[in-house]
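First comes the structure, then the notes that go with it.
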Amino acid sequence: MDESPHSIVEEFKVAYSHRVYFTEGVFAPGNSLLASTIKACTSAETPRVFLVADAAFMAANPEISSQITQFFEHCRGEIQYLGSLELPGGEQLKNHSEYLEQLYRVIEQNKLCRHSYIIALGGGALLDLVGYAASTAHRGIRHLRLPTTSLSQGDGGCGVKNGINYFGKKNFLGTFTPPAAVINDVNFLKSLPEARLIDGFIEAIKVALIKDCSFFDYIEENAVAIIQRDFGIIRKVLEASARHHVLHIARNGDPFELTSSRPLDFGHWSAHKLEVLTDYALSHGESVAIGIALDSIYSHRKGYLSEAKLQRILKLIQSFGFRIYDERLSELTEDGQYVILRGLEEFREHMGGKLTIPLLRDIGDQFEVNDMDGELLIESIESLRSWETTLQT
Ligand SMILES: NC(=O)c1ccc[n+]([C@@H]2O[C@H](COP(=O)([O-])OP(=O)(O)OC[C@H]3O[C@@H](n4cnc5c(N)ncnc54)[C@H](O)[C@@H]3O)[C@@H](O)[C@H]2O)c1
Ligand SMILES: [Zn+2]
């Protein structure tokens, strides 16, 4: 018997198409995008489809339920529609594992297989939960996303990640699984309360800050129109934001985040911690606004970003009505440490590898550091507190 070590090493690649569409009236008669997408992404003769919807979205859009029924009635023969389930939206969905179990039960009872689809219609939390259930049941059922919030249309919904919270940690369980497609219907955003409508624009500002100075100018010029609910402009900005995200995922060479570089997570190390510290009273968007303000002021105090650029950033964030400071930033542990700073290690642990934090050199120009100066962060936090009052006056 030959005792020497043997190895079999073969490289294989899997090609993905990441499809993100923008439309209006996705369930309206005559709009064939959803049906053709379902047909295009599977070899099943008559694909089985189950829909999971965000109850708050459905309640705010009472006409949608019958539109969905009519839509699938019209597709009968081509698509086998099995029915729908409504779940309450928001972060609670990701915090309580009974919702995940409910989805697994639905998948089992409806005999959904790898050639079937689950359509997720709702905010980012619902998309994350449904994406996780779909990607783990039977090792992967196709899922299709119909995001209903600005944040999920311009950012999270267009990505390839899903997840739920566990052990009190954001997205502790999750997978990288590209959806079969994402279909963004701008009409869905019309029922969003003001604060939730604005949430998505902080991720647009984020992607502009790290990648595209002229996009930042555009958001600045159109901030008033966005706040006044000009849906033409809203669609343009979200589409540009989604495009930046998709191009980054598809072309930056690391769609499943195997390295430590994570520019799209600019401002997110403290945002994730703030969400948990406030027990999700601060939304993801509101937390990211503060996280971006913090890492921008830190970039300035470290000597990378000019004062004028910092002022522009903080003013734009505030012009959308976001706060740039929250009292939890200054919360101390029993031994006098800033609790928020634990977010750095938790971020590193979640991402794996070395701590890698994106900072700004300029608007549209990010770079990464592997170390954050705790004292300077504390100074930055405390000066954000005064910036907030100064800029408000
Ligand atoms: N997977 C990713 O890559 C990724 C990226 C960014 C954010 N996220 C996650 O997304 C979540 C935040 O998502 P979100 O900002 O979309 O908020 P959300 O899903 O928490 O929804 C906010 C609230 O709005 C309601 N709602 C949704 N659509 C509505 C509509 N059109 N009209 C009226 N009410 C509506 C929901 O029921 C909920 O109460 C967080 O859990 C965050 O971690 C994931
Ligand atoms: Zn985010």
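In the structure tokens, chains take letters A, B, ... by order of appearance, with residues numbered from 1 within each chain and ligands from 1 in the order shown.
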Next item on the list: Write out as a ChimeraX atom specification the residues lying within 8 Å of Asp155 of chain A, counting only C-alpha atoms and excluding same-chain residues fewer than 6 positions away.
Entry: /A:200,203-204,241-242,245
Selection to disk with all heavy atoms, as a PDB file, in the first residue's frame:
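In the end it all went to again_10.pdb:
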ATOM      1  N   GLY A 200     -33.323  54.688   2.237  1.00  0.00           N
ATOM      2  CA  GLY A 200     -32.546  54.148   1.128  1.00  0.00           C
ATOM      3  C   GLY A 200     -31.505  55.126   0.588  1.00  0.00           C
ATOM      4  O   GLY A 200     -30.513  54.702  -0.016  1.00  0.00           O
ATOM      5  N   GLU A 203     -27.811  54.847   1.753  1.00  0.00           N
ATOM      6  CA  GLU A 203     -26.955  53.856   1.079  1.00  0.00           C
ATOM      7  C   GLU A 203     -26.525  54.403  -0.295  1.00  0.00           C
ATOM      8  O   GLU A 203     -25.427  54.099  -0.762  1.00  0.00           O
ATOM      9  CB  GLU A 203     -27.675  52.507   0.927  1.00  0.00           C
ATOM     10  CG  GLU A 203     -28.143  51.882   2.241  1.00  0.00           C
ATOM     11  CD  GLU A 203     -27.058  51.126   3.025  1.00  0.00           C
ATOM     12  OE1 GLU A 203     -25.858  51.252   2.708  1.00  0.00           O
ATOM     13  OE2 GLU A 203     -27.439  50.408   3.984  1.00  0.00           O
ATOM     14  N   ALA A 204     -27.385  55.231  -0.903  1.00  0.00           N
ATOM     15  CA  ALA A 204     -26.991  55.873  -2.165  1.00  0.00           C
ATOM     16  C   ALA A 204     -25.848  56.858  -1.893  1.00  0.00           C
ATOM     17  O   ALA A 204     -24.854  56.903  -2.640  1.00  0.00           O
ATOM     18  CB  ALA A 204     -28.188  56.582  -2.793  1.00  0.00           C
ATOM     19  N   SER A 241     -27.835  53.836  -7.697  1.00  0.00           N
ATOM     20  CA  SER A 241     -27.269  53.184  -6.516  1.00  0.00           C
ATOM     21  C   SER A 241     -27.210  51.665  -6.737  1.00  0.00           C
ATOM     22  O   SER A 241     -26.179  51.021  -6.487  1.00  0.00           O
ATOM     23  CB  SER A 241     -28.152  53.532  -5.305  1.00  0.00           C
ATOM     24  OG  SER A 241     -27.766  52.820  -4.169  1.00  0.00           O
ATOM     25  N   ALA A 242     -28.322  51.110  -7.237  1.00  0.00           N
ATOM     26  CA  ALA A 242     -28.373  49.663  -7.498  1.00  0.00           C
ATOM     27  C   ALA A 242     -27.297  49.274  -8.520  1.00  0.00           C
ATOM     28  O   ALA A 242     -26.616  48.255  -8.372  1.00  0.00           O
ATOM     29  CB  ALA A 242     -29.755  49.270  -8.010  1.00  0.00           C
ATOM     30  N   HIS A 245     -23.942  49.021  -6.954  1.00  0.00           N
ATOM     31  CA  HIS A 245     -23.831  47.813  -6.136  1.00  0.00           C
ATOM     32  C   HIS A 245     -23.622  46.574  -7.005  1.00  0.00           C
ATOM     33  O   HIS A 245     -22.761  45.747  -6.733  1.00  0.00           O
ATOM     34  CB  HIS A 245     -25.087  47.635  -5.269  1.00  0.00           C
ATOM     35  CG  HIS A 245     -25.047  48.466  -4.023  1.00  0.00           C
ATOM     36  ND1 HIS A 245     -25.464  49.780  -3.996  1.00  0.00           N
ATOM     37  CD2 HIS A 245     -24.621  48.181  -2.786  1.00  0.00           C
ATOM     38  CE1 HIS A 245     -25.288  50.260  -2.781  1.00  0.00           C
ATOM     39  NE2 HIS A 245     -24.778  49.319  -2.025  1.00  0.00           N
TER      40      HIS A 245
END
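Residues of protein, DNA or RNA lying at most 6 Å from ligand 1, when only C-alpha atoms and all ligand atoms are considered, are Asp54, Ala56, Phe57, Ala60, Pro88, Gly89, Gly90, Glu91, Gly122, Gly123, Gly124, Ala125, Leu126, Asp128, Thr148, Thr149, Leu151, Ser152, Asp155, Gly156, Gly159, Lys161, Asn162, Phe188, Leu189, Ser191, Leu192 and His284 of chain A.
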Quick one: which chain A residues come within 12 Å of ligand 2, and what is the nearest atom pair for each with the distance in Å to one decimal, counting only C-alpha atoms and all ligand atoms, rows ordered by chain and ascending number, as a Markdown table?
| residue | atom | partner | partner_atom_place_in_ligand_line | distance |
| --- | --- | --- | --- | --- |
| A:Gly124 | CA | ligand 2 | 1 (Zn) | 9.9 |
| A:Ala125 | CA | ligand 2 | 1 (Zn) | 11.6 |
| A:Ser150 | CA | ligand 2 | 1 (Zn) | 11.7 |
| A:Leu151 | CA | ligand 2 | 1 (Zn) | 8.0 |
| A:Ser152 | CA | ligand 2 | 1 (Zn) | 9.1 |
| A:Gln153 | CA | ligand 2 | 1 (Zn) | 11.8 |
| A:Gly154 | CA | ligand 2 | 1 (Zn) | 10.2 |
| A:Asp155 | CA | ligand 2 | 1 (Zn) | 7.1 |
| A:Gly156 | CA | ligand 2 | 1 (Zn) | 6.7 |
| A:Gly157 | CA | ligand 2 | 1 (Zn) | 10.4 |
| A:Cys158 | CA | ligand 2 | 1 (Zn) | 11.5 |
| A:Gly159 | CA | ligand 2 | 1 (Zn) | 10.6 |
| A:Lys161 | CA | ligand 2 | 1 (Zn) | 11.5 |
| A:Lys170 | CA | ligand 2 | 1 (Zn) | 11.6 |
| A:Asn171 | CA | ligand 2 | 1 (Zn) | 11.9 |
| A:Asp199 | CA | ligand 2 | 1 (Zn) | 9.8 |
| A:Gly200 | CA | ligand 2 | 1 (Zn) | 8.9 |
| A:Phe201 | CA | ligand 2 | 1 (Zn) | 10.6 |
| A:Ile202 | CA | ligand 2 | 1 (Zn) | 8.5 |
| A:Glu203 | CA | ligand 2 | 1 (Zn) | 6.2 |
| A:Ala204 | CA | ligand 2 | 1 (Zn) | 9.9 |
| A:Ile205 | CA | ligand 2 | 1 (Zn) | 11.1 |
| A:Lys206 | CA | ligand 2 | 1 (Zn) | 8.8 |
| A:Val207 | CA | ligand 2 | 1 (Zn) | 10.2 |
| A:His245 | CA | ligand 2 | 1 (Zn) | 11.2 |
| A:Arg262 | CA | ligand 2 | 1 (Zn) | 11.8 |
| A:Pro263 | CA | ligand 2 | 1 (Zn) | 11.3 |
| A:Leu264 | CA | ligand 2 | 1 (Zn) | 8.0 |
| A:Asp265 | CA | ligand 2 | 1 (Zn) | 6.8 |
| A:Phe266 | CA | ligand 2 | 1 (Zn) | 8.6 |
| A:Gly267 | CA | ligand 2 | 1 (Zn) | 8.5 |
| A:His268 | CA | ligand 2 | 1 (Zn) | 6.6 |
| A:Trp269 | CA | ligand 2 | 1 (Zn) | 10.1 |
| A:Ser270 | CA | ligand 2 | 1 (Zn) | 11.2 |
| A:Ala271 | CA | ligand 2 | 1 (Zn) | 8.3 |
| A:His272 | CA | ligand 2 | 1 (Zn) | 8.7 |
| A:Glu275 | CA | ligand 2 | 1 (Zn) | 11.2 |
| A:Ser283 | CA | ligand 2 | 1 (Zn) | 10.2 |
| A:His284 | CA | ligand 2 | 1 (Zn) | 6.5 |
| A:Gly285 | CA | ligand 2 | 1 (Zn) | 6.8 |
| A:Glu286 | CA | ligand 2 | 1 (Zn) | 9.9 |
| A:Ser287 | CA | ligand 2 | 1 (Zn) | 8.8 |
| A:Val288 | CA | ligand 2 | 1 (Zn) | 6.4 |
| A:Ala289 | CA | ligand 2 | 1 (Zn) | 9.6 |
| A:Ile290 | CA | ligand 2 | 1 (Zn) | 11.7 |
| A:Gly291 | CA | ligand 2 | 1 (Zn) | 10.1 |
| A:Ile292 | CA | ligand 2 | 1 (Zn) | 10.4 |
Next item on the list: Go ahead and compute the interatomic distance for atom CA of Phe176 of chain A and atom CA of Ser84 of chain A, in Å to one decimal.
Entry: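 Going from atom CA of Phe176 of chain A over to atom CA of Ser84 of chain A, I get 24.8 Å.
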Margin query: Just the number, please: distance in Å from atom CA of Gly343 of chain A to atom CA of Lys273 of chain A, one decimal.
Written below: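 Distance reported for this atom pair: 5.2 Å.
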Check: Counting only C-alpha atoms, which of A:Leu82, A:Leu310, A:Leu197, A:Val186 gets nearest to Glu24 of chain A?
Finding: A:Val186
